[in-house]
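Student: One structure, pasted below without further comment.
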Amino acid sequence: MQIISISGLDGSGKSTQAKMLQEFLEAQGKKVQYFHAIEFSLAQKIKSLRDQHCLICRFTKARDKTEPATEKSVTKANWLQIQLRKILLLIDVFRFKAFKKKLAREKCDFLITDRFFYDSIVNISYLSKRNTPSRAEKFLPASDFAFYIKLQPESIMTRERVPDQGLDYLKAKKKLYDMYAILWDFNIIDGSKDKQTLHEEIRSIITNSQQKNQ
């Protein structure tokens, strides 16, 4: 099984490209699994359980039905919260190893990831106000194909769905992605191109690499 990860800023088109690639590979008769690191995370599962079973949380939601069901992204964290994120990331990495073995038994051909663990490292660096990856980086599972969709934050802010974190947040995160993409030897894709062109470029990189290895 090959892992294809697509990283980048919120609103850069990661999910769109992941879904397009999944549809293309499935049309070729491949067995594909879509993976989203946040949805997979233990922190998200704990939050879901809390929302379902915490009476105060349920009462608050029932009382304020006029509010949208979305939550603002985290842009600040204290030292303890950052350490907890690192611990949960390591737990998720070990959980992922078991998940990967399960997919191998099911003879899955590709795992396409939107927001892989690389993105979690970038988030931790941003919250920590550091320009170097967390030491948790050395435990990350490697992708067979890692892509970074590089797009200017100003361009993202003109799109129909604008990230709630704001322009300054996106600019700071882009600096980290730009550095780490080189450090991690990502395939850097120009996100200013239309989505079909991006899709074809990603497909071409994967196909060419596979042909060389045959």
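Naming works like this for the structure tokens: A, B, ... for the chains as they're shown, residue 1 at the start of each chain, ligands 1 onward in shown order.
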List the spatial neighbours of Leu111 in chain A as a list in words - criterion: any atom at most 7 Å away, only C-alpha atoms, same-chain residues fewer than 2 positions off excluded.
Tutor: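 Selected residues are Gln2, Ile3, Ile4, Val32, Gln33, Tyr34, Phe35 and Thr113 of chain A.
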Student: Mind dumping the selected residues with N, CA and C atoms as a tab-separated table (two decimals), in the first residue's frame?
Tutor:
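What follows is the written file part04.tsv:
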```
chain	number	residue	atom	x	y	z
A	2	GLN	N	0.50	2.22	-0.82
A	2	GLN	CA	1.24	3.47	-0.90
A	2	GLN	C	0.45	4.60	-0.24
A	3	ILE	N	1.17	5.45	0.47
A	3	ILE	CA	0.56	6.58	1.15
A	3	ILE	C	0.83	7.85	0.35
A	4	ILE	N	-0.24	8.58	0.05
A	4	ILE	CA	-0.14	9.86	-0.64
A	4	ILE	C	-0.67	10.94	0.29
A	32	VAL	N	-8.95	2.30	-2.61
A	32	VAL	CA	-8.41	3.53	-2.02
A	32	VAL	C	-9.11	3.84	-0.71
A	33	GLN	N	-8.33	4.26	0.27
A	33	GLN	CA	-8.87	4.69	1.56
A	33	GLN	C	-8.54	6.18	1.75
A	34	TYR	N	-9.56	6.97	2.08
A	34	TYR	CA	-9.35	8.39	2.38
A	34	TYR	C	-9.06	8.54	3.86
A	35	PHE	N	-8.10	9.41	4.20
A	35	PHE	CA	-7.68	9.57	5.59
A	35	PHE	C	-7.56	11.05	5.92
A	113	THR	N	-4.21	10.94	2.05
A	113	THR	CA	-4.39	11.66	3.30
A	113	THR	C	-4.55	13.16	3.08
```
Student: For range 40-52 of chain A, work out the shell of residues within 9 Å, counting only C-alpha atoms and skipping chain neighbours fewer than 6 positions away, then give it as a list in words.
Tutor: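 The filter keeps Arg58, Arg85, Leu88, Leu89, Ile91, Asp92, Arg95 and Phe96 of chain A.
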Student: Using the selection just defined, write its residues with N, CA and C atoms as a compact mmCIF listing (two decimals), in the first residue's frame.
Tutor:
```txt
# COMPACT_ATOMS: atom_id res chain seq x y z
N ARG A 58 -24.55 19.50 25.79
CA ARG A 58 -25.79 19.28 25.07
C ARG A 58 -26.81 20.37 25.37
N ARG A 85 -0.86 18.25 23.10
CA ARG A 85 -0.96 18.00 21.66
C ARG A 85 0.15 17.06 21.19
N LEU A 88 -0.69 13.50 22.39
CA LEU A 88 -1.78 12.92 21.61
C LEU A 88 -1.33 12.61 20.18
N LEU A 89 -0.44 13.43 19.64
CA LEU A 89 0.09 13.16 18.30
C LEU A 89 0.85 11.84 18.28
N ILE A 91 0.45 9.33 20.29
CA ILE A 91 -0.54 8.25 20.42
C ILE A 91 -1.21 7.98 19.08
N ASP A 92 -1.56 9.05 18.37
CA ASP A 92 -2.20 8.89 17.06
C ASP A 92 -1.28 8.21 16.06
N ARG A 95 -1.42 4.60 16.85
CA ARG A 95 -2.73 4.10 16.42
C ARG A 95 -2.76 3.94 14.91
N PHE A 96 -2.10 4.86 14.21
CA PHE A 96 -2.07 4.81 12.75
C PHE A 96 -1.34 3.57 12.25
```
Student: I need the residue nearest Leu183 in chain A from this list: A:Asn123, A:Pro133, A:Phe110, A:Gly8. Use only C-alpha atoms for the distance.
Tutor: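 Of all the options, A:Pro133 lies closest to Leu183 in chain A.
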Student: Looking only at the backbone, which of the residues in range 5-180 of chain A does DSSP tag as alpha helix (DSSP H), as a tab-separated table (two decimals) with N, CA and C atoms, in the first residue's frame?
Tutor:
```
chain	number	residue	atom	x	y	z
A	14	LYS	N	-6.56	21.28	-0.48
A	14	LYS	CA	-6.10	19.93	-0.14
A	14	LYS	C	-7.22	18.89	-0.27
A	15	SER	N	-8.35	19.20	0.33
A	15	SER	CA	-9.46	18.23	0.32
A	15	SER	C	-9.97	17.97	-1.09
A	16	THR	N	-10.05	19.04	-1.88
A	16	THR	CA	-10.50	18.91	-3.27
A	16	THR	C	-9.57	17.99	-4.05
A	17	GLN	N	-8.27	18.19	-3.92
A	17	GLN	CA	-7.30	17.37	-4.65
A	17	GLN	C	-7.29	15.94	-4.14
A	18	ALA	N	-7.44	15.75	-2.84
A	18	ALA	CA	-7.48	14.39	-2.29
A	18	ALA	C	-8.67	13.62	-2.84
A	19	LYS	N	-9.83	14.27	-2.90
A	19	LYS	CA	-11.04	13.61	-3.40
A	19	LYS	C	-10.94	13.33	-4.90
A	20	MET	N	-10.37	14.28	-5.65
A	20	MET	CA	-10.22	14.08	-7.09
A	20	MET	C	-9.28	12.92	-7.37
A	21	LEU	N	-8.20	12.83	-6.60
A	21	LEU	CA	-7.24	11.75	-6.79
A	21	LEU	C	-7.86	10.41	-6.40
A	22	GLN	N	-8.64	10.41	-5.34
A	22	GLN	CA	-9.31	9.18	-4.92
A	22	GLN	C	-10.26	8.69	-6.02
A	23	GLU	N	-11.04	9.60	-6.58
A	23	GLU	CA	-11.98	9.21	-7.64
A	23	GLU	C	-11.24	8.69	-8.86
A	24	PHE	N	-10.12	9.31	-9.20
A	24	PHE	CA	-9.34	8.86	-10.37
A	24	PHE	C	-8.80	7.45	-10.15
A	25	LEU	N	-8.20	7.21	-8.99
A	25	LEU	CA	-7.60	5.90	-8.72
A	25	LEU	C	-8.67	4.81	-8.63
A	26	GLU	N	-9.79	5.13	-8.03
A	26	GLU	CA	-10.87	4.15	-7.95
A	26	GLU	C	-11.42	3.82	-9.33
A	27	ALA	N	-11.42	4.81	-10.22
A	27	ALA	CA	-11.86	4.56	-11.60
A	27	ALA	C	-10.89	3.63	-12.33
A	37	ALA	N	-6.33	13.33	9.18
A	37	ALA	CA	-5.64	13.18	10.46
A	37	ALA	C	-6.45	13.74	11.62
A	38	ILE	N	-7.17	14.84	11.40
A	38	ILE	CA	-7.95	15.42	12.49
A	38	ILE	C	-9.13	14.53	12.85
A	39	GLU	N	-9.83	14.03	11.84
A	39	GLU	CA	-10.96	13.14	12.10
A	39	GLU	C	-10.50	11.85	12.77
A	40	PHE	N	-9.30	11.40	12.44
A	40	PHE	CA	-8.74	10.17	13.00
A	40	PHE	C	-8.24	10.39	14.43
A	42	LEU	N	-7.23	11.10	18.28
A	42	LEU	CA	-7.83	10.76	19.57
A	42	LEU	C	-8.49	11.98	20.19
A	43	ALA	N	-7.89	13.15	20.01
A	43	ALA	CA	-8.46	14.38	20.56
A	43	ALA	C	-9.85	14.63	19.99
A	44	GLN	N	-10.02	14.38	18.69
A	44	GLN	CA	-11.32	14.59	18.05
A	44	GLN	C	-12.34	13.57	18.55
A	45	LYS	N	-11.90	12.35	18.77
A	45	LYS	CA	-12.81	11.31	19.27
A	45	LYS	C	-13.25	11.64	20.70
A	46	ILE	N	-12.32	12.14	21.51
A	46	ILE	CA	-12.67	12.54	22.88
A	46	ILE	C	-13.67	13.69	22.85
A	47	LYS	N	-13.45	14.64	21.96
A	47	LYS	CA	-14.35	15.77	21.84
A	47	LYS	C	-15.75	15.32	21.42
A	48	SER	N	-15.81	14.38	20.46
A	48	SER	CA	-17.10	13.87	20.00
A	48	SER	C	-17.86	13.19	21.14
A	49	LEU	N	-17.13	12.39	21.92
A	49	LEU	CA	-17.76	11.73	23.06
A	49	LEU	C	-18.25	12.74	24.08
A	50	ARG	N	-17.45	13.79	24.29
A	50	ARG	CA	-17.85	14.83	25.24
A	50	ARG	C	-19.12	15.53	24.76
A	51	ASP	N	-19.17	15.85	23.48
A	51	ASP	CA	-20.34	16.54	22.93
A	51	ASP	C	-21.59	15.67	23.01
A	52	GLN	N	-21.40	14.34	22.88
A	52	GLN	CA	-22.55	13.43	22.91
A	52	GLN	C	-23.07	13.18	24.32
A	53	HIS	N	-22.14	13.11	25.27
A	53	HIS	CA	-22.52	12.63	26.61
A	53	HIS	C	-22.44	13.68	27.71
A	55	LEU	N	-23.76	16.60	29.60
A	55	LEU	CA	-25.08	17.24	29.69
A	55	LEU	C	-24.98	18.75	29.51
A	56	ILE	N	-23.92	19.36	30.04
A	56	ILE	CA	-23.76	20.80	29.91
A	56	ILE	C	-23.57	21.19	28.44
A	57	CYS	N	-22.73	20.40	27.73
A	57	CYS	CA	-22.49	20.68	26.30
A	57	CYS	C	-23.78	20.55	25.50
A	58	ARG	N	-24.55	19.50	25.79
A	58	ARG	CA	-25.79	19.28	25.07
A	58	ARG	C	-26.81	20.37	25.37
A	59	PHE	N	-26.85	20.80	26.62
A	59	PHE	CA	-27.79	21.86	27.01
A	59	PHE	C	-27.43	23.17	26.33
A	60	THR	N	-26.12	23.46	26.26
A	60	THR	CA	-25.66	24.70	25.63
A	60	THR	C	-26.03	24.73	24.16
A	61	LYS	N	-25.85	23.60	23.47
A	61	LYS	CA	-26.17	23.53	22.04
A	61	LYS	C	-27.67	23.64	21.81
A	62	ALA	N	-28.44	22.98	22.69
A	62	ALA	CA	-29.89	23.01	22.54
A	62	ALA	C	-30.44	24.42	22.79
A	63	ARG	N	-29.80	25.15	23.72
A	63	ARG	CA	-30.25	26.49	24.07
A	63	ARG	C	-29.97	27.49	22.96
A	79	TRP	N	1.54	26.42	27.31
A	79	TRP	CA	2.57	25.38	27.31
A	79	TRP	C	1.97	24.00	27.56
A	80	LEU	N	1.07	23.90	28.53
A	80	LEU	CA	0.47	22.60	28.86
A	80	LEU	C	-0.35	22.06	27.70
A	81	GLN	N	-1.10	22.92	27.05
A	81	GLN	CA	-1.91	22.49	25.91
A	81	GLN	C	-1.04	22.02	24.75
A	82	ILE	N	0.09	22.67	24.56
A	82	ILE	CA	1.01	22.26	23.50
A	82	ILE	C	1.62	20.89	23.81
A	83	GLN	N	2.01	20.68	25.06
A	83	GLN	CA	2.57	19.38	25.45
A	83	GLN	C	1.53	18.27	25.28
A	84	LEU	N	0.29	18.58	25.61
A	84	LEU	CA	-0.78	17.59	25.45
A	84	LEU	C	-0.97	17.25	23.97
A	85	ARG	N	-0.86	18.25	23.10
A	85	ARG	CA	-0.96	18.00	21.66
A	85	ARG	C	0.15	17.06	21.19
A	86	LYS	N	1.34	17.27	21.70
A	86	LYS	CA	2.47	16.41	21.32
A	86	LYS	C	2.23	14.97	21.76
A	87	ILE	N	1.74	14.80	22.98
A	87	ILE	CA	1.47	13.46	23.50
A	87	ILE	C	0.38	12.77	22.67
A	88	LEU	N	-0.69	13.50	22.39
A	88	LEU	CA	-1.78	12.92	21.61
A	88	LEU	C	-1.33	12.61	20.18
A	89	LEU	N	-0.44	13.43	19.64
A	89	LEU	CA	0.09	13.16	18.30
A	89	LEU	C	0.85	11.84	18.28
A	90	LEU	N	1.68	11.61	19.28
A	90	LEU	CA	2.43	10.35	19.34
A	90	LEU	C	1.49	9.17	19.49
A	91	ILE	N	0.45	9.33	20.29
A	91	ILE	CA	-0.54	8.25	20.42
A	91	ILE	C	-1.21	7.98	19.08
A	92	ASP	N	-1.56	9.05	18.37
A	92	ASP	CA	-2.20	8.89	17.06
A	92	ASP	C	-1.28	8.21	16.06
A	93	VAL	N	0.01	8.50	16.14
A	93	VAL	CA	0.98	7.86	15.24
A	93	VAL	C	1.01	6.36	15.47
A	94	PHE	N	1.00	5.94	16.72
A	94	PHE	CA	1.01	4.51	17.02
A	94	PHE	C	-0.33	3.87	16.67
A	95	ARG	N	-1.42	4.60	16.85
A	95	ARG	CA	-2.73	4.10	16.42
A	95	ARG	C	-2.76	3.94	14.91
A	96	PHE	N	-2.10	4.86	14.21
A	96	PHE	CA	-2.07	4.81	12.75
A	96	PHE	C	-1.34	3.57	12.25
A	97	LYS	N	-0.31	3.15	12.97
A	97	LYS	CA	0.43	1.95	12.56
A	97	LYS	C	-0.49	0.73	12.54
A	98	ALA	N	-1.36	0.64	13.55
A	98	ALA	CA	-2.32	-0.47	13.60
A	98	ALA	C	-3.34	-0.33	12.47
A	99	PHE	N	-3.76	0.90	12.21
A	99	PHE	CA	-4.71	1.17	11.14
A	99	PHE	C	-4.11	0.80	9.78
A	100	LYS	N	-2.84	1.11	9.60
A	100	LYS	CA	-2.15	0.80	8.35
A	100	LYS	C	-2.06	-0.71	8.13
A	101	LYS	N	-1.79	-1.47	9.20
A	101	LYS	CA	-1.74	-2.92	9.09
A	101	LYS	C	-3.10	-3.49	8.70
A	102	LYS	N	-4.15	-2.90	9.26
A	102	LYS	CA	-5.52	-3.32	8.92
A	102	LYS	C	-5.80	-3.12	7.44
A	103	LEU	N	-5.40	-1.97	6.91
A	103	LEU	CA	-5.61	-1.69	5.49
A	103	LEU	C	-4.80	-2.64	4.61
A	104	ALA	N	-3.60	-2.99	5.06
A	104	ALA	CA	-2.76	-3.92	4.30
A	104	ALA	C	-3.43	-5.30	4.23
A	105	ARG	N	-4.04	-5.72	5.34
A	105	ARG	CA	-4.75	-7.00	5.34
A	105	ARG	C	-5.94	-6.96	4.38
A	117	PHE	N	0.00	13.80	9.34
A	117	PHE	CA	0.68	14.17	10.58
A	117	PHE	C	1.70	15.29	10.37
A	118	TYR	N	2.16	15.46	9.13
A	118	TYR	CA	3.04	16.59	8.83
A	118	TYR	C	2.36	17.90	9.22
A	119	ASP	N	1.08	17.99	8.89
A	119	ASP	CA	0.33	19.21	9.18
A	119	ASP	C	0.19	19.43	10.69
A	120	SER	N	0.12	18.34	11.43
A	120	SER	CA	0.05	18.45	12.89
A	120	SER	C	1.34	19.03	13.45
A	121	ILE	N	2.47	18.62	12.88
A	121	ILE	CA	3.77	19.16	13.30
A	121	ILE	C	3.84	20.66	13.01
A	122	VAL	N	3.35	21.07	11.85
A	122	VAL	CA	3.34	22.49	11.51
A	122	VAL	C	2.47	23.27	12.50
A	123	ASN	N	1.32	22.71	12.86
A	123	ASN	CA	0.44	23.38	13.82
A	123	ASN	C	1.11	23.53	15.18
A	124	ILE	N	1.80	22.48	15.62
A	124	ILE	CA	2.50	22.54	16.91
A	124	ILE	C	3.60	23.60	16.87
A	125	SER	N	4.32	23.66	15.76
A	125	SER	CA	5.37	24.67	15.63
A	125	SER	C	4.79	26.08	15.68
A	126	TYR	N	3.65	26.25	15.02
A	126	TYR	CA	3.01	27.57	15.03
A	126	TYR	C	2.59	27.95	16.45
A	127	LEU	N	1.93	27.04	17.15
A	127	LEU	CA	1.46	27.33	18.50
A	127	LEU	C	2.63	27.54	19.47
A	128	SER	N	3.74	26.85	19.20
A	128	SER	CA	4.92	26.96	20.05
A	128	SER	C	5.78	28.17	19.71
A	153	PRO	N	-1.47	33.40	0.99
A	153	PRO	CA	-2.62	33.62	1.90
A	153	PRO	C	-3.61	34.64	1.37
A	154	GLU	N	-3.11	35.68	0.70
A	154	GLU	CA	-4.01	36.71	0.16
A	154	GLU	C	-4.98	36.10	-0.85
A	155	SER	N	-4.50	35.13	-1.62
A	155	SER	CA	-5.35	34.46	-2.60
A	155	SER	C	-6.42	33.62	-1.91
A	156	ILE	N	-6.03	32.96	-0.83
A	156	ILE	CA	-6.99	32.14	-0.08
A	156	ILE	C	-8.11	33.00	0.48
A	167	LEU	N	-5.83	36.44	8.02
A	167	LEU	CA	-4.69	36.55	7.11
A	167	LEU	C	-3.35	36.40	7.82
A	168	ASP	N	-3.18	37.04	8.98
A	168	ASP	CA	-1.90	36.97	9.70
A	168	ASP	C	-1.55	35.53	10.07
A	169	TYR	N	-2.55	34.78	10.48
A	169	TYR	CA	-2.35	33.36	10.82
A	169	TYR	C	-1.86	32.59	9.59
A	170	LEU	N	-2.51	32.80	8.47
A	170	LEU	CA	-2.14	32.09	7.25
A	170	LEU	C	-0.73	32.44	6.81
A	171	LYS	N	-0.36	33.72	6.95
A	171	LYS	CA	1.00	34.14	6.57
A	171	LYS	C	2.05	33.44	7.44
A	172	ALA	N	1.80	33.38	8.74
A	172	ALA	CA	2.75	32.73	9.64
A	172	ALA	C	2.84	31.24	9.35
A	173	LYS	N	1.72	30.61	9.08
A	173	LYS	CA	1.73	29.17	8.78
A	173	LYS	C	2.43	28.90	7.45
A	174	LYS	N	2.25	29.79	6.47
A	174	LYS	CA	2.88	29.59	5.17
A	174	LYS	C	4.40	29.58	5.30
A	175	LYS	N	4.95	30.45	6.13
A	175	LYS	CA	6.40	30.47	6.34
A	175	LYS	C	6.89	29.11	6.85
A	176	LEU	N	6.12	28.52	7.76
A	176	LEU	CA	6.50	27.21	8.30
A	176	LEU	C	6.38	26.13	7.22
A	177	TYR	N	5.28	26.14	6.49
A	177	TYR	CA	5.11	25.15	5.42
A	177	TYR	C	6.22	25.27	4.37
A	178	ASP	N	6.56	26.50	4.01
A	178	ASP	CA	7.61	26.71	3.00
A	178	ASP	C	8.95	26.12	3.46
A	179	MET	N	9.27	26.30	4.73
A	179	MET	CA	10.53	25.76	5.27
A	179	MET	C	10.48	24.24	5.38
A	180	TYR	N	9.39	23.73	5.94
A	180	TYR	CA	9.31	22.29	6.21
A	180	TYR	C	9.16	21.48	4.93
```
Student: For the atom pair CA of Gln152 in chain A and CA of Leu9 in chain A, what is the interatomic distance in Å to one decimal place?
Tutor: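 Answer for the CA of Gln152 in chain A to CA of Leu9 in chain A separation: 9.1 Å.
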Student: Rounded to one decimal, what separation in Å do you get between CA of Ile112 in chain A and CA of Ser5 in chain A?
Tutor: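 Rounded to one decimal, the two atoms are 6.0 Å apart.
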Student: Have a look at CA of Gly13 in chain A and CA of Thr197 in chain A and let me know their distance in Å, one decimal.
Tutor: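 Computing the Euclidean distance for CA of Gly13 in chain A and CA of Thr197 in chain A yields 12.3 Å.
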Student: When distances are computed from only C-alpha atoms, which of A:Thr75, A:Ser192, A:Ile6, A:Glu137 shows the smallest separation from Arg159 in chain A?
Tutor: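 Of A:Thr75, A:Ser192, A:Ile6, A:Glu137, the one nearest Arg159 in chain A is A:Ser192, counting only C-alpha atoms.
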Student: Run DSSP on the backbone and grab whatever in chain A lands in strand (DSSP E or B); send it over as an NGL selection string.
Tutor: :A and (2-8 or 32-36 or 110-114 or 145-150 or 187-190)
Student: How about saving the chosen residues, C-alpha atoms kept, as a short mmCIF file (atom, residue, chain, number, x, y, z; two decimals), in the first residue's frame?
Tutor:
```cif
data_model
loop_
_atom_site.label_atom_id
_atom_site.label_comp_id
_atom_site.auth_asym_id
_atom_site.auth_seq_id
_atom_site.Cartn_x
_atom_site.Cartn_y
_atom_site.Cartn_z
CA GLN A 2 1.24 3.47 -0.90
CA ILE A 3 0.56 6.58 1.15
CA ILE A 4 -0.14 9.86 -0.64
CA SER A 5 -0.23 12.92 1.60
CA ILE A 6 -1.47 16.36 0.59
CA SER A 7 -0.50 19.24 2.88
CA GLY A 8 -0.98 22.99 2.88
CA VAL A 32 -8.41 3.53 -2.02
CA GLN A 33 -8.87 4.69 1.56
CA TYR A 34 -9.35 8.39 2.38
CA PHE A 35 -7.68 9.57 5.59
CA HIS A 36 -8.05 12.82 7.53
CA PHE A 110 -3.58 3.59 -1.76
CA LEU A 111 -4.14 5.66 1.35
CA ILE A 112 -4.82 9.28 0.41
CA THR A 113 -4.39 11.66 3.30
CA ASP A 114 -5.78 15.14 3.80
CA PHE A 145 4.27 10.68 -2.18
CA ALA A 146 4.11 13.91 -0.16
CA PHE A 147 2.67 17.04 -1.76
CA TYR A 148 2.56 20.61 -0.52
CA ILE A 149 0.03 22.87 -2.23
CA LYS A 150 1.71 26.25 -2.03
CA ASN A 187 6.68 17.81 -4.06
CA ILE A 188 5.76 21.51 -4.10
CA ILE A 189 2.71 22.28 -6.22
CA ASP A 190 1.69 25.78 -7.35
#
```
